[in-house]
Structures are given as structure tokens and as C-alpha cells.
Amino acid sequence: MSKVVRLIGFPMDLGAGRRGVDMGPSALRIADIAPKLTALGYEVYDEGDIPIQTQEVQTIEDNSLKYLPEIAKACQHLSDKVESVLDNGDFPLILGGDHSMSIGSIAGISAHCNKTGKRLGVLWIDAHSDINTPSTSPTGNIHGMPVAVSLGLGAHELTSIGGDFKKLKPENIVYIGLRSVDDGEKDFIKKLGITAYTMFDIDKYGIFTIVQNTLDKMRESVDHLHISFDLDSVDPTIAQGVGTPVQGGLSYRETHLLMEMIAESGLISSFEVAEVNPILDNMNTSAIFATGAVASCMGKRIL
Ligand SMILES: [Mn+2]
């Protein structure tokens with residue numbers, strides 16, 4: 001893994017139904033994400049934020065794709081940024097922001113992988129499957145669509161970001177932590193044959209077995225592993241400051257074991273944390289937890 005980490009803030013809440021995740025990047029910085037990585041031996045550079053206009057200066061033009069023009073513009077910007085960081089041989093760590101950010105990050109990663117002949121895999125750690133299209137989405141919130149977009153499904157304004165090609169193959173994404181999935185999303189997951197470990201599976205088999213199987217599969221089938229960590233995968237009793245809290249999530253130790261096992265595998269090449277919402281938080285505890293989880297994923301060990 002590259003020893004140079006570049007932090008990129010994506011202060012976006014246009015993709016979400018609830019306000020406040022645009023402050024996520026600040027919350028993560030205030031929770032010392034950079035010093036925690038420096039302490040692990042990384043050279044850390046904060047590249048600042050992708051510029052994003054607030055809701056106050058925009059109107060919703062299409063209720064099935066809310067704030068599409070600004071989200072598309074910001075995701076294209078993020079895609080270019082992430083691609084250039086990877087082309088430079090560095091490790092991008094993207095701070096969100098609502099999960100629509102992944103439309104941009106995965107586009108940039110995939111563009112880099114295309115140029116370098118690498119196969120892209122994504123581990124999507126989330127309570128939600130984020131695989132809606134404008135026709136299946138109950139809300140029109142774009143943060144519920146990034147997986148679909150990355151698979152080439154949905155609005156062309158989004159699927160064409162980073163180049164007009166499918167960014168991700170369904171066999172190269174694995175979900176962990178699902179517990180709130182819309183009916184249209186269930187159909188997509190089954191039809192596309194996506195590997196999905198729900199909370200039922202985690203309770204039944206244990207997080208260790210699931211992560212081990214996932215990493216074994218990724219080791220064989222991909223060259224670039226991206227981690228998309230939605231903080232709402234974690235139980236709200238541990239991380240209440242998230243965009244869309246759902247009961248029954250990952251425990252403190254399940255989250256850390258998952259992250260420690262990813263670090264141990266040595267497989268990851270990029271990471272993003274999404275949906276940190278300080279408005280719903282208490283004394284920034286959720287962002288502090290998130291930065292601890294990131295540190296575990298980047299190699300922090302108990303001993
Ligand atoms: Mn999500």
C-alpha cells in the first residue's frame with residue numbers, strides 16, 4: 001500500500017433526505033483523522049474539499065433525481081481528483097458527505113484501473129444497498145443510487161461520469177451489513193447475483209468468517225480493492241451521528257475486526273467514509289469512532 005495518503009473532502013448533502021452530512025468532512029478532520037494516520041507512519045496531505053453549492057442556492061428540477069446537475073458536477077470533479085491521486089501512486093481517502101460521493105470516487109478509481117489493466121473490486125459496508133435507479137427509488141435521493149450507477153444503471157448524466165463505460169462488474173462488489181433494502185433493490189441484487197452479507201448472515205456465521213471469505217474471493221478476482229464505508233453500517237448506539245440511522249447494525253468490535261482483517265490482508269488501494277452527520281451526533285463521538293475504524297483499516301493494531 002502507498003505510504004502517501006491524500007485526504008479529499010466531499011461536503012455534500014444534496015443526495016440525502018436529511019440535512020447535515022455536508023459537515024461530515026469537518027467532523028472527521030476535527031476527530032483527528034490526519035494525525036491518526038500520521039501516527040501509523042503515513043505521509044498525509046489534506047487536499048481540501050471538492051467545491052459544492054448548498055441547497056439554498058438551488059432548486060429541485062427533477063423529483064426522481066434530486067439536485068442532479070450539482071451532484072453530477074461535483075462527482076465529475078471528485079472522479080478527476082481521485083484518478084489523478086491514483087495515477088500518482090498515492091492512496092486516496094475520501095471524506096463524506098452523503099453516499100452519492102461514490103458515483104465520483106468509483107468512476108475515478110475505475111478510470112485509473114482501466115488505464116493500468118487492474119480489475120476493480122468494491123467492499124460496500126452499509127445498512128442500505130444504494131442500488132436504486134430513478135424508476136425504483138421511493139425518494140429520488142441520489143445517495144440511494146451509487147451502486148446502480150457504478151454498474152451502469154440509471155441516469156446517463158451519472159453513469160457517464162469518468163467516461164462512458166461500466167465502472168464495476170456485479171461479481172466484483174460485496175455488501176456487508178445490509179438491513180434496510182427497498183423492494184426494487186432486492187430484485188436488482190438477486191437478478192445481478194451480487195454477493196450480499198446482511199446482518200442476518202453476520203449474526204448466523206459471524207463477522208470473522210464472512211470477512212475471511214470476502215477477502216479470499218477478492219484476493220483471487222481483483223487487483224484494486226476499494227472500501228466504501230457508510231457509517232450507518234454501524235449500530236446507532238455506537239454511531240448515532242449518521243445520515244440514515246437503522247437499528248441492528250455492526251457492533252464496536254465487529255466493525256474493528258472487519259477493518260483489522262482488511263488491513264491484515266494488505267489488499268486495499270482506496271477508502272471512503274460516507275454519511276457522517278454531526279447534527280445528529282453527541283460531542284462528535286460518531287466521527288471519532290469512524291476515524292478509529294479508518295485507523296484500524298489502515299493498519300492500527302492493538303499490539
Ligand atoms: Mn450508503
# chains A, B, ... in the order shown; residues from 1 in each chain; ligands from 1
$ residues_around --residues "segment 135-145 of chain A" --least-positions-apart "5" --cutoff "6 Å" --atoms "only C-alpha atoms" --output "list in words"
Gly15, Ala16, Asn63, Ser64, Leu65, Lys66, His99, Ser100, Asp130 and Gly184 of chain A
$ write_last_selection --atoms "C-alpha atoms" --output "mmCIF file, in the first residue's frame"
data_model
loop_
_atom_site.group_PDB
_atom_site.id
_atom_site.type_symbol
_atom_site.label_atom_id
_atom_site.label_comp_id
_atom_site.auth_asym_id
_atom_site.auth_seq_id
_atom_site.Cartn_x
_atom_site.Cartn_y
_atom_site.Cartn_z
ATOM 1 C CA GLY A 15 -28.071 13.373 -2.267
ATOM 2 C CA ALA A 16 -29.689 12.789 1.108
ATOM 3 C CA ASN A 63 -38.059 14.775 -8.200
ATOM 4 C CA SER A 64 -36.768 11.383 -9.338
ATOM 5 C CA LEU A 65 -33.158 12.697 -9.366
ATOM 6 C CA LYS A 66 -32.950 15.469 -6.797
ATOM 7 C CA HIS A 99 -23.036 8.370 -0.304
ATOM 8 C CA SER A 100 -23.648 9.900 -3.748
ATOM 9 C CA ASP A 130 -27.767 2.006 -2.502
ATOM 10 C CA GLY A 184 -36.687 -2.793 -6.260
#
$ residues_near_ligand --ligand "ligand 1" --cutoff "10 Å" --atoms "only C-alpha atoms and all ligand atoms" --output "mmCIF file with N, CA and C atoms, in the first residue's frame"
data_model
loop_
_atom_site.group_PDB
_atom_site.id
_atom_site.type_symbol
_atom_site.label_atom_id
_atom_site.label_comp_id
_atom_site.auth_asym_id
_atom_site.auth_seq_id
_atom_site.Cartn_x
_atom_site.Cartn_y
_atom_site.Cartn_z
ATOM 1 N N ALA A 16 -29.021 13.402 -0.042
ATOM 2 C CA ALA A 16 -29.689 12.789 1.108
ATOM 3 C C ALA A 16 -31.011 13.474 1.412
ATOM 4 N N ASP A 98 -22.640 12.738 1.757
ATOM 5 C CA ASP A 98 -23.581 11.649 1.525
ATOM 6 C C ASP A 98 -23.012 10.663 0.516
ATOM 7 N N HIS A 99 -23.643 9.479 0.436
ATOM 8 C CA HIS A 99 -23.036 8.370 -0.304
ATOM 9 C C HIS A 99 -23.078 8.543 -1.822
ATOM 10 N N SER A 100 -23.724 9.631 -2.304
ATOM 11 C CA SER A 100 -23.648 9.900 -3.748
ATOM 12 C C SER A 100 -22.198 10.138 -4.161
ATOM 13 N N MET A 101 -21.328 10.445 -3.192
ATOM 14 C CA MET A 101 -19.899 10.632 -3.463
ATOM 15 C C MET A 101 -19.280 9.459 -4.210
ATOM 16 N N SER A 102 -19.800 8.249 -3.949
ATOM 17 C CA SER A 102 -19.190 7.053 -4.547
ATOM 18 C C SER A 102 -19.372 7.001 -6.059
ATOM 19 N N TRP A 124 -18.651 -2.921 -0.007
ATOM 20 C CA TRP A 124 -19.642 -1.885 0.315
ATOM 21 C C TRP A 124 -20.222 -2.195 1.700
ATOM 22 N N ILE A 125 -19.770 -1.451 2.699
ATOM 23 C CA ILE A 125 -20.158 -1.695 4.093
ATOM 24 C C ILE A 125 -21.239 -0.679 4.443
ATOM 25 N N ASP A 126 -22.489 -1.138 4.610
ATOM 26 C CA ASP A 126 -23.616 -0.205 4.633
ATOM 27 C C ASP A 126 -24.862 -0.910 5.175
ATOM 28 N N ALA A 127 -25.743 -0.151 5.838
ATOM 29 C CA ALA A 127 -27.059 -0.687 6.207
ATOM 30 C C ALA A 127 -27.951 -0.798 4.976
ATOM 31 N N HIS A 128 -27.664 0.030 3.968
ATOM 32 C CA HIS A 128 -28.501 0.132 2.772
ATOM 33 C C HIS A 128 -27.714 -0.368 1.558
ATOM 34 N N SER A 129 -28.439 -0.820 0.538
ATOM 35 C CA SER A 129 -27.716 -1.361 -0.625
ATOM 36 C C SER A 129 -27.462 -0.308 -1.702
ATOM 37 N N ASP A 130 -28.073 0.873 -1.610
ATOM 38 C CA ASP A 130 -27.767 2.006 -2.502
ATOM 39 C C ASP A 130 -27.763 1.605 -3.972
ATOM 40 N N ILE A 131 -28.709 0.735 -4.343
ATOM 41 C CA ILE A 131 -28.749 0.227 -5.720
ATOM 42 C C ILE A 131 -30.095 0.554 -6.374
ATOM 43 N N HIS A 143 -28.256 9.610 -3.107
ATOM 44 C CA HIS A 143 -27.368 8.787 -2.250
ATOM 45 C C HIS A 143 -27.842 7.333 -2.159
ATOM 46 N N GLY A 144 -29.042 7.041 -2.656
ATOM 47 C CA GLY A 144 -29.505 5.649 -2.718
ATOM 48 C C GLY A 144 -29.210 4.987 -4.055
ATOM 49 N N MET A 145 -28.417 5.632 -4.891
ATOM 50 C CA MET A 145 -28.212 5.134 -6.262
ATOM 51 C C MET A 145 -26.767 4.799 -6.671
ATOM 52 N N PRO A 146 -25.738 5.068 -5.859
ATOM 53 C CA PRO A 146 -24.366 4.959 -6.384
ATOM 54 C C PRO A 146 -23.964 3.566 -6.855
ATOM 55 N N VAL A 147 -24.454 2.504 -6.219
ATOM 56 C CA VAL A 147 -24.065 1.162 -6.684
ATOM 57 C C VAL A 147 -24.668 0.907 -8.067
ATOM 58 N N LEU A 178 -26.018 -5.142 5.404
ATOM 59 C CA LEU A 178 -27.344 -4.716 4.937
ATOM 60 C C LEU A 178 -28.451 -5.061 5.935
ATOM 61 N N SER A 228 -15.841 1.107 0.626
ATOM 62 C CA SER A 228 -16.818 2.172 0.787
ATOM 63 C C SER A 228 -17.537 1.933 2.109
ATOM 64 N N PHE A 229 -17.182 2.740 3.099
ATOM 65 C CA PHE A 229 -17.652 2.538 4.477
ATOM 66 C C PHE A 229 -18.696 3.590 4.805
ATOM 67 N N ASP A 230 -19.963 3.159 4.786
ATOM 68 C CA ASP A 230 -21.047 4.044 5.214
ATOM 69 C C ASP A 230 -21.167 3.877 6.728
ATOM 70 N N LEU A 231 -21.042 4.987 7.447
ATOM 71 C CA LEU A 231 -21.019 4.876 8.909
ATOM 72 C C LEU A 231 -22.335 4.324 9.463
ATOM 73 N N ASP A 232 -23.410 4.375 8.654
ATOM 74 C CA ASP A 232 -24.669 3.821 9.163
ATOM 75 C C ASP A 232 -24.694 2.288 9.157
ATOM 76 N N SER A 233 -23.631 1.655 8.661
ATOM 77 C CA SER A 233 -23.493 0.198 8.815
ATOM 78 C C SER A 233 -23.375 -0.163 10.292
ATOM 79 N N GLY A 243 -26.319 9.720 8.499
ATOM 80 C CA GLY A 243 -27.381 10.241 7.654
ATOM 81 C C GLY A 243 -28.711 9.552 7.881
ATOM 82 N N THR A 244 -28.716 8.225 7.874
ATOM 83 C CA THR A 244 -29.953 7.449 7.962
ATOM 84 C C THR A 244 -29.763 6.303 8.951
ATOM 85 N N VAL A 273 -15.218 7.164 3.557
ATOM 86 C CA VAL A 273 -16.183 7.081 4.657
ATOM 87 C C VAL A 273 -17.310 8.059 4.350
ATOM 88 N N ALA A 274 -18.546 7.536 4.419
ATOM 89 C CA ALA A 274 -19.704 8.322 3.988
ATOM 90 C C ALA A 274 -20.713 8.499 5.126
ATOM 91 N N GLU A 275 -21.543 9.527 4.977
ATOM 92 C CA GLU A 275 -22.751 9.717 5.791
ATOM 93 C C GLU A 275 -22.483 10.037 7.262
#
$ closest_residue --among "A:Ala155, A:Ala263, A:Leu192, A:Ala27" --to "Asn172 of chain A" --atoms "only C-alpha atoms"
A:Leu192
$ closest_residue --among "A:Glu47, A:Asp281, A:Glu171, A:Asp223" --to "Pro92 of chain A" --atoms "only C-alpha atoms"
A:Glu47
$ residues_around --residues "segment 18-26 of chain A" --least-positions-apart "2" --cutoff "8 Å" --atoms "only C-alpha atoms" --output "list of chain:residue names"
A:Gly9, A:Phe10, A:Pro11, A:Met12, A:Asp13, A:Ala16, A:Leu28, A:Arg29, A:Ile30, A:Leu95, A:Gly96, A:Gly97, A:Asp98, A:Val242, A:Gly243, A:Thr244, A:Ala274, A:Glu275, A:Val276, A:Asn277, A:Pro278, A:Ile279, A:Ala287
$ write_last_selection --atoms "C-alpha atoms" --output "tab-separated table (two decimals), in the first residue's frame"
chain	number	residue	atom	x	y	z
A	9	GLY	CA	-13.31	16.20	1.46
A	10	PHE	CA	-16.70	15.86	-0.25
A	11	PRO	CA	-19.05	18.13	1.78
A	12	MET	CA	-22.27	17.05	0.11
A	13	ASP	CA	-25.79	16.62	1.48
A	16	ALA	CA	-29.69	12.79	1.11
A	28	LEU	CA	-13.72	13.73	10.60
A	29	ARG	CA	-10.92	16.29	10.42
A	30	ILE	CA	-11.80	17.58	13.90
A	95	LEU	CA	-14.32	12.04	3.48
A	96	GLY	CA	-18.09	12.39	3.03
A	97	GLY	CA	-20.58	13.63	2.66
A	98	ASP	CA	-23.58	11.65	1.53
A	242	VAL	CA	-25.20	9.30	10.59
A	243	GLY	CA	-27.38	10.24	7.65
A	244	THR	CA	-29.95	7.45	7.96
A	274	ALA	CA	-19.70	8.32	3.99
A	275	GLU	CA	-22.75	9.72	5.79
A	276	VAL	CA	-21.15	11.20	8.91
A	277	ASN	CA	-23.78	13.62	10.29
A	278	PRO	CA	-22.59	15.79	13.20
A	279	ILE	CA	-26.07	17.36	13.51
A	287	ALA	CA	-16.76	10.83	13.78
$ residues_around --residues "segment 205-218 of chain A" --least-positions-apart "2" --cutoff "8 Å" --atoms "only C-alpha atoms" --output "PyMOL selection string"
chain A and resi 121+172+174+197+201-203+220-222+225+254+257-258+261-262+265
$ atom_distance --atom1 "atom CA of Asp80 of chain A" --atom2 "atom CA of Gly108 of chain A"
5.9 Å
$ residues_around --residues "segment 86-90 of chain A" --least-positions-apart "5" --cutoff "8 Å" --atoms "only C-alpha atoms" --output "list in words"
Ser2, Lys3, Val4, Val5, Arg6, Ile109 and His112 of chain A
$ select_by_dssp --residues "segment 38-108 of chain A" --states "strand (DSSP E or B)" --output "PyMOL selection string"
chain A and resi 43-49+91-96
$ write_last_selection --atoms "N, CA and C atoms" --output "short mmCIF file (atom, residue, chain, number, x, y, z; two decimals), in the first residue's frame"
data_model
loop_
_atom_site.label_atom_id
_atom_site.label_comp_id
_atom_site.auth_asym_id
_atom_site.auth_seq_id
_atom_site.Cartn_x
_atom_site.Cartn_y
_atom_site.Cartn_z
N GLU A 43 2.55 9.42 5.23
CA GLU A 43 2.71 10.82 4.89
C GLU A 43 1.32 11.28 4.47
N VAL A 44 0.72 12.20 5.20
CA VAL A 44 -0.67 12.58 4.95
C VAL A 44 -0.76 14.01 4.42
N TYR A 45 -1.46 14.18 3.31
CA TYR A 45 -1.70 15.51 2.74
C TYR A 45 -3.20 15.72 2.65
N ASP A 46 -3.68 16.83 3.18
CA ASP A 46 -5.10 17.15 3.05
C ASP A 46 -5.28 18.02 1.81
N GLU A 47 -6.01 17.50 0.85
CA GLU A 47 -6.21 18.20 -0.43
C GLU A 47 -7.39 19.16 -0.37
N GLY A 48 -8.00 19.32 0.81
CA GLY A 48 -9.16 20.22 0.94
C GLY A 48 -10.42 19.59 0.40
N ASP A 49 -11.42 20.42 0.17
CA ASP A 49 -12.74 19.93 -0.23
C ASP A 49 -13.01 20.15 -1.72
N PHE A 91 -2.52 7.09 -2.19
CA PHE A 91 -3.73 6.45 -1.65
C PHE A 91 -4.79 7.51 -1.37
N PRO A 92 -5.92 7.49 -2.09
CA PRO A 92 -6.98 8.48 -1.81
C PRO A 92 -7.88 8.02 -0.66
N LEU A 93 -8.11 8.91 0.28
CA LEU A 93 -9.04 8.64 1.39
C LEU A 93 -10.08 9.76 1.35
N ILE A 94 -11.31 9.41 0.95
CA ILE A 94 -12.32 10.42 0.68
C ILE A 94 -13.26 10.53 1.88
N LEU A 95 -13.53 11.77 2.29
CA LEU A 95 -14.32 12.04 3.48
C LEU A 95 -15.66 12.62 3.07
N GLY A 96 -16.76 11.88 3.40
CA GLY A 96 -18.09 12.39 3.03
C GLY A 96 -18.82 12.93 4.25
#
$ select_by_dssp --residues "segment 84-249 of chain A" --states "helix (DSSP H, G or I)" --output "short mmCIF file (atom, residue, chain, number, x, y, z; two decimals) with C-alpha atoms, in the first residue's frame"
data_model
loop_
_atom_site.label_atom_id
_atom_site.label_comp_id
_atom_site.auth_asym_id
_atom_site.auth_seq_id
_atom_site.Cartn_x
_atom_site.Cartn_y
_atom_site.Cartn_z
CA SER A 84 -5.04 11.75 -10.53
CA VAL A 85 -4.17 10.73 -6.95
CA LEU A 86 -4.10 7.05 -8.01
CA ASP A 87 -2.19 7.80 -11.23
CA MET A 101 -19.90 10.63 -3.46
CA SER A 102 -19.19 7.05 -4.55
CA ILE A 103 -20.50 7.82 -8.04
CA GLY A 104 -17.46 10.08 -8.39
CA SER A 105 -14.92 8.10 -6.40
CA ILE A 106 -15.66 4.76 -8.08
CA ALA A 107 -15.69 6.43 -11.52
CA GLY A 108 -12.20 7.86 -10.91
CA ILE A 109 -10.88 4.59 -9.47
CA SER A 110 -12.33 2.63 -12.38
CA ALA A 111 -10.84 5.05 -14.94
CA HIS A 112 -7.44 4.54 -13.28
CA CYS A 113 -7.91 0.75 -13.27
CA ASN A 114 -8.85 0.76 -16.96
CA LYS A 115 -5.63 2.57 -17.89
CA THR A 116 -3.47 0.28 -15.79
CA ILE A 142 -29.26 10.15 -5.31
CA HIS A 143 -27.37 8.79 -2.25
CA GLY A 144 -29.50 5.65 -2.72
CA PRO A 146 -24.37 4.96 -6.38
CA VAL A 147 -24.06 1.16 -6.68
CA ALA A 148 -26.59 1.11 -9.54
CA VAL A 149 -24.76 3.96 -11.28
CA SER A 150 -21.39 2.19 -10.92
CA HIS A 156 -26.75 8.82 -18.19
CA GLU A 157 -25.64 12.12 -16.60
CA LEU A 158 -24.31 9.94 -13.74
CA THR A 159 -23.26 6.72 -15.50
CA PRO A 170 -21.66 -7.10 -10.30
CA GLU A 171 -19.44 -10.08 -9.43
CA ASN A 172 -16.79 -7.70 -8.03
CA ASP A 183 -38.11 -3.97 -2.92
CA GLY A 184 -36.69 -2.79 -6.26
CA GLU A 185 -33.19 -3.15 -4.81
CA LYS A 186 -33.85 -6.74 -3.70
CA ASP A 187 -34.77 -7.56 -7.30
CA PHE A 188 -31.54 -6.00 -8.65
CA ILE A 189 -29.36 -7.82 -6.09
CA LYS A 190 -30.93 -11.18 -6.95
CA LYS A 191 -31.03 -10.60 -10.71
CA LEU A 192 -27.40 -9.48 -10.84
CA MET A 199 -27.00 -8.59 9.35
CA PHE A 200 -28.79 -11.96 9.37
CA ASP A 201 -25.72 -13.56 7.80
CA ILE A 202 -23.40 -11.75 10.22
CA ASP A 203 -25.43 -12.99 13.19
CA LYS A 204 -25.58 -16.50 11.74
CA TYR A 205 -21.99 -17.05 10.55
CA ILE A 207 -18.20 -11.41 11.04
CA PHE A 208 -14.85 -13.25 11.02
CA THR A 209 -15.97 -15.98 8.61
CA ILE A 210 -17.75 -13.52 6.35
CA VAL A 211 -14.79 -11.15 6.08
CA GLN A 212 -12.37 -14.03 5.57
CA ASN A 213 -14.48 -15.43 2.71
CA THR A 214 -14.85 -11.97 1.19
CA LEU A 215 -11.14 -11.18 1.28
CA ASP A 216 -10.24 -14.64 -0.10
CA LYS A 217 -12.60 -14.02 -3.02
CA MET A 218 -11.22 -10.50 -3.61
CA ARG A 219 -7.62 -11.73 -3.49
CA GLU A 220 -8.35 -14.09 -6.37
CA SER A 221 -10.52 -11.86 -8.51
CA LEU A 231 -21.02 4.88 8.91
CA ASP A 232 -24.67 3.82 9.16
CA SER A 233 -23.49 0.20 8.81
#
$ atom_distance --atom1 "atom CA of His256 of chain A" --atom2 "atom CA of Thr198 of chain A"
17.4 Å
$ atom_distance --atom1 "atom CA of Met298 of chain A" --atom2 "atom CA of Leu14 of chain A"
29.1 Å
$ closest_residue --among "A:Thr195, A:Ile173, A:Met259, A:Asn282" --to "Thr237 of chain A" --atoms "only C-alpha atoms"
A:Asn282
$ closest_residue --among "A:Asp235, A:Asn132, A:Phe289, A:Gly299" --to "Asp182 of chain A" --atoms "only C-alpha atoms"
A:Asn132
$ closest_residue --among "A:Leu267, A:Ala239, A:Ala295, A:Ile50" --to "Val122 of chain A" --atoms "only C-alpha atoms"
A:Leu267
